[in-house]
Amino acid sequence: MDASKLTTEQSSKYNDLEKMDTLKLLTNINREDKFVSIAVEKAIPNIHKLVDTIVLKMKKGGRLFYIGAGTSGRLGVLDASECPPTFGVSDDWVIGLIAGGDSALRKAVENAEDDTNLAWIELQKYNITKKDVLIGIAASGTTPYVIGGIKKAKQQNIITGCITCNKNSPLSLEVDYPIELIVGPEFVTGSTRMKAGTAQKLVLNMISTTIMIKLGRVLGNKMVDMQLSNKKLTNRGIKMIMDELEIEEELANKLLLKHKSVREIFNKYKSNGQ
């Protein structure tokens, strides 16, 4: 695909950025960011279809995989890594892979995103099958690492989706469920860590959170399965118990120390009317 036709590569609406004062820079970046939520809202029907498909697969024991390079890959890994502590699920429910491996989370790995075979090689280490769903994340929609992985997955009858920021990109045309977030040119030309990255992060949040709610990992509006791995989260658990059972902090703390699980306390004491 001709790069000049990609929305994400079009020249910024703003020029002479180096001549703008700080307030002007911040104001204009914020002005551009306002287009992000609009783009995401337009994509909700397609997000809906993909999420419902993933939920059906995961209810039957399937998993969700993300693949991406650079910023897109980092966002996928971030979203996947936050599911276990937030929702108390195993770390193999949602799996994020980035071109170049974990070292690419901090430093760019040269040429990794241009390898069309690498994603599938990495996915095979997880024994990906047609029970699973694979989402390719690429702002441009042209990343060889992502497209290569998607093509191989389709050959194995694995359901595929994508999150991209260009219309009718090569990636969108390959997948079963394309999500296209057309946020327009970046404030700094081609810097897709900005609006494109923000849009992708919002959609990843929507996908994983909705899936976990549909899979029963939230009660009411509470993260009752969250891992109580630090003082902040323990205090949050105590507050949940206090509010839900209408009890004092001391008793809520004792219950949490005893049961080690907000969900278990809710189930035991609410069902008993206590």
# chains A, B, ... in the order shown; residues from 1 in each chain; ligands from 1
call {"tool": "closest_atom_pairs", "arguments": {"of": "segment 34-102 of chain A", "to": "segment 184-202 of chain A", "cutoff": "10 Å", "atoms": "only C-alpha atoms", "output": "JSON lines"}}
result
{"residue": "A:Lys34", "atom": "CA", "partner": "A:Lys195", "partner_atom": "CA", "distance": 9.0}
{"residue": "A:Phe35", "atom": "CA", "partner": "A:Gly184", "partner_atom": "CA", "distance": 8.0}
{"residue": "A:Val36", "atom": "CA", "partner": "A:Ala199", "partner_atom": "CA", "distance": 5.7}
{"residue": "A:Ser37", "atom": "CA", "partner": "A:Ala199", "partner_atom": "CA", "distance": 7.2}
{"residue": "A:Ile38", "atom": "CA", "partner": "A:Ala199", "partner_atom": "CA", "distance": 9.6}
{"residue": "A:Ala39", "atom": "CA", "partner": "A:Ala199", "partner_atom": "CA", "distance": 7.7}
{"residue": "A:Val40", "atom": "CA", "partner": "A:Ala199", "partner_atom": "CA", "distance": 6.5}
{"residue": "A:Gly70", "atom": "CA", "partner": "A:Arg193", "partner_atom": "CA", "distance": 9.0}
{"residue": "A:Thr71", "atom": "CA", "partner": "A:Arg193", "partner_atom": "CA", "distance": 6.0}
{"residue": "A:Ser72", "atom": "CA", "partner": "A:Gly197", "partner_atom": "CA", "distance": 6.8}
{"residue": "A:Arg74", "atom": "CA", "partner": "A:Gly197", "partner_atom": "CA", "distance": 9.9}
{"residue": "A:Leu75", "atom": "CA", "partner": "A:Lys201", "partner_atom": "CA", "distance": 6.3}
{"residue": "A:Gly76", "atom": "CA", "partner": "A:Lys201", "partner_atom": "CA", "distance": 8.2}
{"residue": "A:Leu78", "atom": "CA", "partner": "A:Lys201", "partner_atom": "CA", "distance": 9.2}
{"residue": "A:Asp79", "atom": "CA", "partner": "A:Lys201", "partner_atom": "CA", "distance": 8.1}
call {"tool": "residues_around", "arguments": {"residues": "segment 230-245 of chain A", "least_positions_apart": "4", "cutoff": "12 Å", "atoms": "only C-alpha atoms", "output": "JSON, numbers by chain"}}
result
{"A": [85, 86, 219, 220, 221, 222, 223, 224, 225, 226, 249, 250, 251, 252, 253, 254, 255, 256, 257, 259, 260, 261, 262, 263, 264, 265, 266, 267, 268, 269, 270, 271, 272, 273, 274]}
call {"tool": "select_by_dssp", "arguments": {"residues": "segment 106-252 of chain A", "states": "alpha helix (DSSP H)", "output": "PyMOL selection string"}}
result
chain A and resi 118-124+144-155+170-174+195-214+231-245+249-252
call {"tool": "residues_around", "arguments": {"residues": "Trp120 of chain A", "least_positions_apart": "5", "cutoff": "10 Å", "atoms": "only C-alpha atoms", "output": "list in words"}}
result
Ile67, Lys125, Ile128, Tyr145, Val146, Gly148, Gly149, Ile150, Lys151, Lys152 and Ala153 of chain A
call {"tool": "write_last_selection", "arguments": {"atoms": "N, CA and C atoms", "output": "PDB file, in the first residue's frame"}}
result
ATOM      1  N   ILE A  67      -1.017  -9.453  18.739  1.00  0.00           N
ATOM      2  CA  ILE A  67       0.316  -9.317  18.165  1.00  0.00           C
ATOM      3  C   ILE A  67       0.470  -7.904  17.619  1.00  0.00           C
ATOM      4  N   LYS A 125       4.534 -21.307  19.849  1.00  0.00           N
ATOM      5  CA  LYS A 125       5.063 -21.672  21.169  1.00  0.00           C
ATOM      6  C   LYS A 125       3.950 -21.779  22.201  1.00  0.00           C
ATOM      7  N   ILE A 128      -1.287 -22.157  19.712  1.00  0.00           N
ATOM      8  CA  ILE A 128      -2.515 -21.495  19.290  1.00  0.00           C
ATOM      9  C   ILE A 128      -3.305 -22.413  18.362  1.00  0.00           C
ATOM     10  N   TYR A 145       5.108  -8.076  10.226  1.00  0.00           N
ATOM     11  CA  TYR A 145       5.051  -9.009  11.365  1.00  0.00           C
ATOM     12  C   TYR A 145       3.611  -9.370  11.683  1.00  0.00           C
ATOM     13  N   VAL A 146       2.752  -8.371  11.722  1.00  0.00           N
ATOM     14  CA  VAL A 146       1.343  -8.589  12.082  1.00  0.00           C
ATOM     15  C   VAL A 146       0.592  -9.282  10.949  1.00  0.00           C
ATOM     16  N   GLY A 148       1.732 -11.101   8.534  1.00  0.00           N
ATOM     17  CA  GLY A 148       2.212 -12.471   8.381  1.00  0.00           C
ATOM     18  C   GLY A 148       1.585 -13.408   9.395  1.00  0.00           C
ATOM     19  N   GLY A 149       1.502 -12.963  10.645  1.00  0.00           N
ATOM     20  CA  GLY A 149       0.888 -13.784  11.691  1.00  0.00           C
ATOM     21  C   GLY A 149      -0.588 -14.015  11.434  1.00  0.00           C
ATOM     22  N   ILE A 150      -1.278 -12.975  10.986  1.00  0.00           N
ATOM     23  CA  ILE A 150      -2.704 -13.076  10.692  1.00  0.00           C
ATOM     24  C   ILE A 150      -2.948 -14.066   9.546  1.00  0.00           C
ATOM     25  N   LYS A 151      -2.166 -13.974   8.491  1.00  0.00           N
ATOM     26  CA  LYS A 151      -2.340 -14.867   7.346  1.00  0.00           C
ATOM     27  C   LYS A 151      -2.159 -16.326   7.742  1.00  0.00           C
ATOM     28  N   LYS A 152      -1.148 -16.609   8.533  1.00  0.00           N
ATOM     29  CA  LYS A 152      -0.902 -17.981   8.987  1.00  0.00           C
ATOM     30  C   LYS A 152      -2.048 -18.467   9.864  1.00  0.00           C
ATOM     31  N   ALA A 153      -2.552 -17.578  10.712  1.00  0.00           N
ATOM     32  CA  ALA A 153      -3.659 -17.946  11.600  1.00  0.00           C
ATOM     33  C   ALA A 153      -4.902 -18.298  10.789  1.00  0.00           C
TER      34      ALA A 153
END
call {"tool": "residues_around", "arguments": {"residues": "Arg63 of chain A", "least_positions_apart": "3", "cutoff": "9 Å", "atoms": "only C-alpha atoms", "output": "PyMOL selection string"}}
result
chain A and resi 54+57-58+92-95+128+131-134
call {"tool": "atom_distance", "arguments": {"atom1": "atom CA of Ile182 of chain A", "atom2": "atom CA of Asn166 of chain A"}}
result
5.9 Å
call {"tool": "select_by_dssp", "arguments": {"residues": "segment 86-192 of chain A", "states": "strand (DSSP E or B)", "output": "list in words"}}
result
Val94, Ile95, Gly96, Leu97, Ile98, Val133, Leu134, Ile135, Gly136, Ile137, Ile159, Thr160, Gly161, Cys162, Ile163, Thr164, Tyr177, Pro178, Ile179 and Glu180 of chain A
call {"tool": "write_last_selection", "arguments": {"atoms": "N, CA and C atoms", "output": "compact mmCIF listing (two decimals), in the first residue's frame"}}
result
# COMPACT_ATOMS: atom_id res chain seq x y z
N VAL A 94 -5.31 -14.05 28.27
CA VAL A 94 -5.03 -13.01 27.29
C VAL A 94 -3.52 -12.89 27.17
N ILE A 95 -3.00 -13.06 25.97
CA ILE A 95 -1.55 -13.13 25.76
C ILE A 95 -1.14 -12.10 24.72
N GLY A 96 -0.20 -11.25 25.08
CA GLY A 96 0.29 -10.22 24.17
C GLY A 96 1.70 -10.52 23.71
N LEU A 97 1.93 -10.44 22.40
CA LEU A 97 3.26 -10.67 21.82
C LEU A 97 3.69 -9.44 21.04
N ILE A 98 4.96 -9.08 21.18
CA ILE A 98 5.50 -7.92 20.48
C ILE A 98 6.68 -8.36 19.63
N VAL A 133 -8.61 -16.77 19.51
CA VAL A 133 -8.83 -15.60 18.65
C VAL A 133 -7.56 -14.78 18.63
N LEU A 134 -7.19 -14.29 17.45
CA LEU A 134 -5.98 -13.49 17.29
C LEU A 134 -6.33 -12.09 16.80
N ILE A 135 -5.85 -11.07 17.52
CA ILE A 135 -6.04 -9.68 17.10
C ILE A 135 -4.68 -9.08 16.74
N GLY A 136 -4.59 -8.57 15.52
CA GLY A 136 -3.39 -7.87 15.09
C GLY A 136 -3.55 -6.38 15.33
N ILE A 137 -2.56 -5.76 15.96
CA ILE A 137 -2.62 -4.34 16.27
C ILE A 137 -1.54 -3.62 15.45
N ILE A 159 -9.99 -17.49 14.14
CA ILE A 159 -10.69 -16.22 13.95
C ILE A 159 -9.73 -15.06 14.22
N THR A 160 -9.78 -14.06 13.35
CA THR A 160 -8.85 -12.94 13.45
C THR A 160 -9.58 -11.60 13.47
N GLY A 161 -8.97 -10.65 14.13
CA GLY A 161 -9.45 -9.27 14.15
C GLY A 161 -8.25 -8.34 14.08
N CYS A 162 -8.51 -7.06 13.94
CA CYS A 162 -7.40 -6.11 13.95
C CYS A 162 -7.86 -4.77 14.52
N ILE A 163 -6.87 -4.00 14.97
CA ILE A 163 -7.10 -2.63 15.40
C ILE A 163 -6.10 -1.78 14.63
N THR A 164 -6.60 -0.95 13.73
CA THR A 164 -5.74 -0.14 12.89
C THR A 164 -6.33 1.26 12.75
N TYR A 177 -12.64 -9.60 11.50
CA TYR A 177 -13.29 -8.49 12.21
C TYR A 177 -12.34 -7.28 12.26
N PRO A 178 -12.40 -6.42 11.26
CA PRO A 178 -11.55 -5.23 11.28
C PRO A 178 -12.13 -4.11 12.14
N ILE A 179 -11.30 -3.50 12.95
CA ILE A 179 -11.67 -2.30 13.71
C ILE A 179 -10.77 -1.18 13.20
N GLU A 180 -11.37 -0.18 12.56
CA GLU A 180 -10.62 0.91 11.97
C GLU A 180 -10.94 2.21 12.70
call {"tool": "closest_residue", "arguments": {"among": "A:Lys154, A:Lys24, A:Lys49, A:Lys19", "to": "Glu174 of chain A", "atoms": "only C-alpha atoms"}}
result
A:Lys154
call {"tool": "atom_distance", "arguments": {"atom1": "atom CA of Ser208 of chain A", "atom2": "atom CA of Phe87 of chain A"}}
result
10.0 Å
call {"tool": "decode", "arguments": {"residues": "segment 157-191 of chain A", "atoms": "N, CA and C atoms", "output": "CSV table (one decimal), in the first residue's frame"}}
result
chain,number,residue,atom,x,y,z
A,157,ASN,N,-7.7,-21.7,10.3
A,157,ASN,CA,-9.1,-21.5,10.7
A,157,ASN,C,-9.2,-20.8,12.0
A,158,ILE,N,-8.3,-20.0,12.4
A,158,ILE,CA,-8.3,-19.2,13.6
A,158,ILE,C,-9.0,-17.9,13.3
A,159,ILE,N,-10.0,-17.5,14.1
A,159,ILE,CA,-10.7,-16.2,14.0
A,159,ILE,C,-9.7,-15.1,14.2
A,160,THR,N,-9.8,-14.1,13.3
A,160,THR,CA,-8.9,-12.9,13.4
A,160,THR,C,-9.6,-11.6,13.5
A,161,GLY,N,-9.0,-10.6,14.1
A,161,GLY,CA,-9.4,-9.3,14.1
A,161,GLY,C,-8.3,-8.3,14.1
A,162,CYS,N,-8.5,-7.1,13.9
A,162,CYS,CA,-7.4,-6.1,14.0
A,162,CYS,C,-7.9,-4.8,14.5
A,163,ILE,N,-6.9,-4.0,15.0
A,163,ILE,CA,-7.1,-2.6,15.4
A,163,ILE,C,-6.1,-1.8,14.6
A,164,THR,N,-6.6,-1.0,13.7
A,164,THR,CA,-5.7,-0.1,12.9
A,164,THR,C,-6.3,1.3,12.8
A,165,CYS,N,-5.6,2.2,12.2
A,165,CYS,CA,-6.0,3.6,12.1
A,165,CYS,C,-6.0,4.1,10.6
A,166,ASN,N,-6.1,3.1,9.7
A,166,ASN,CA,-6.3,3.5,8.3
A,166,ASN,C,-7.4,2.7,7.7
A,167,LYS,N,-8.1,3.3,6.8
A,167,LYS,CA,-9.2,2.7,6.1
A,167,LYS,C,-8.7,1.7,5.0
A,168,ASN,N,-9.3,0.5,5.0
A,168,ASN,CA,-9.1,-0.5,4.0
A,168,ASN,C,-7.6,-0.8,3.9
A,169,SER,N,-6.9,-0.9,5.0
A,169,SER,CA,-5.5,-1.3,4.9
A,169,SER,C,-5.3,-2.7,4.6
A,170,PRO,N,-4.1,-3.2,4.2
A,170,PRO,CA,-3.9,-4.6,4.0
A,170,PRO,C,-4.2,-5.5,5.1
A,171,LEU,N,-4.0,-5.0,6.4
A,171,LEU,CA,-4.4,-5.8,7.5
A,171,LEU,C,-5.9,-5.9,7.7
A,172,SER,N,-6.6,-4.8,7.5
A,172,SER,CA,-8.0,-4.8,7.6
A,172,SER,C,-8.7,-5.8,6.6
A,173,LEU,N,-8.1,-5.8,5.4
A,173,LEU,CA,-8.6,-6.7,4.4
A,173,LEU,C,-8.3,-8.2,4.6
A,174,GLU,N,-7.4,-8.5,5.5
A,174,GLU,CA,-7.1,-9.9,5.8
A,174,GLU,C,-7.9,-10.5,6.9
A,175,VAL,N,-8.4,-9.7,7.8
A,175,VAL,CA,-9.0,-10.2,9.1
A,175,VAL,C,-10.5,-10.4,8.9
A,176,ASP,N,-11.1,-11.2,9.9
A,176,ASP,CA,-12.5,-11.4,9.9
A,176,ASP,C,-13.3,-10.3,10.5
A,177,TYR,N,-12.6,-9.6,11.5
A,177,TYR,CA,-13.3,-8.5,12.2
A,177,TYR,C,-12.3,-7.3,12.3
A,178,PRO,N,-12.4,-6.4,11.3
A,178,PRO,CA,-11.5,-5.2,11.3
A,178,PRO,C,-12.1,-4.1,12.1
A,179,ILE,N,-11.3,-3.5,13.0
A,179,ILE,CA,-11.7,-2.3,13.7
A,179,ILE,C,-10.8,-1.2,13.2
A,180,GLU,N,-11.4,-0.2,12.6
A,180,GLU,CA,-10.6,0.9,12.0
A,180,GLU,C,-10.9,2.2,12.7
A,181,LEU,N,-9.9,2.8,13.3
A,181,LEU,CA,-10.1,4.0,14.1
A,181,LEU,C,-9.4,5.2,13.3
A,182,ILE,N,-10.2,5.9,12.6
A,182,ILE,CA,-9.6,6.9,11.7
A,182,ILE,C,-9.5,8.3,12.4
A,183,VAL,N,-8.4,8.5,13.1
A,183,VAL,CA,-8.2,9.6,13.9
A,183,VAL,C,-7.6,10.8,13.2
A,184,GLY,N,-7.2,10.6,11.9
A,184,GLY,CA,-6.6,11.7,11.2
A,184,GLY,C,-5.1,11.8,11.4
A,185,PRO,N,-4.5,12.8,10.7
A,185,PRO,CA,-3.0,13.0,10.8
A,185,PRO,C,-2.6,13.3,12.2
A,186,GLU,N,-1.4,12.9,12.6
A,186,GLU,CA,-0.9,13.1,13.9
A,186,GLU,C,-0.4,14.6,14.0
A,187,PHE,N,-0.4,15.1,15.3
A,187,PHE,CA,0.1,16.4,15.5
A,187,PHE,C,1.6,16.6,15.0
A,188,VAL,N,2.4,15.6,15.4
A,188,VAL,CA,3.7,15.5,14.8
A,188,VAL,C,3.6,14.4,13.7
A,189,THR,N,3.8,14.8,12.5
A,189,THR,CA,3.5,13.9,11.3
A,189,THR,C,4.1,12.5,11.5
A,190,GLY,N,3.2,11.5,11.4
A,190,GLY,CA,3.6,10.1,11.5
A,190,GLY,C,3.8,9.6,12.9
A,191,SER,N,3.7,10.4,13.9
A,191,SER,CA,4.0,9.9,15.3
A,191,SER,C,2.8,9.2,15.8
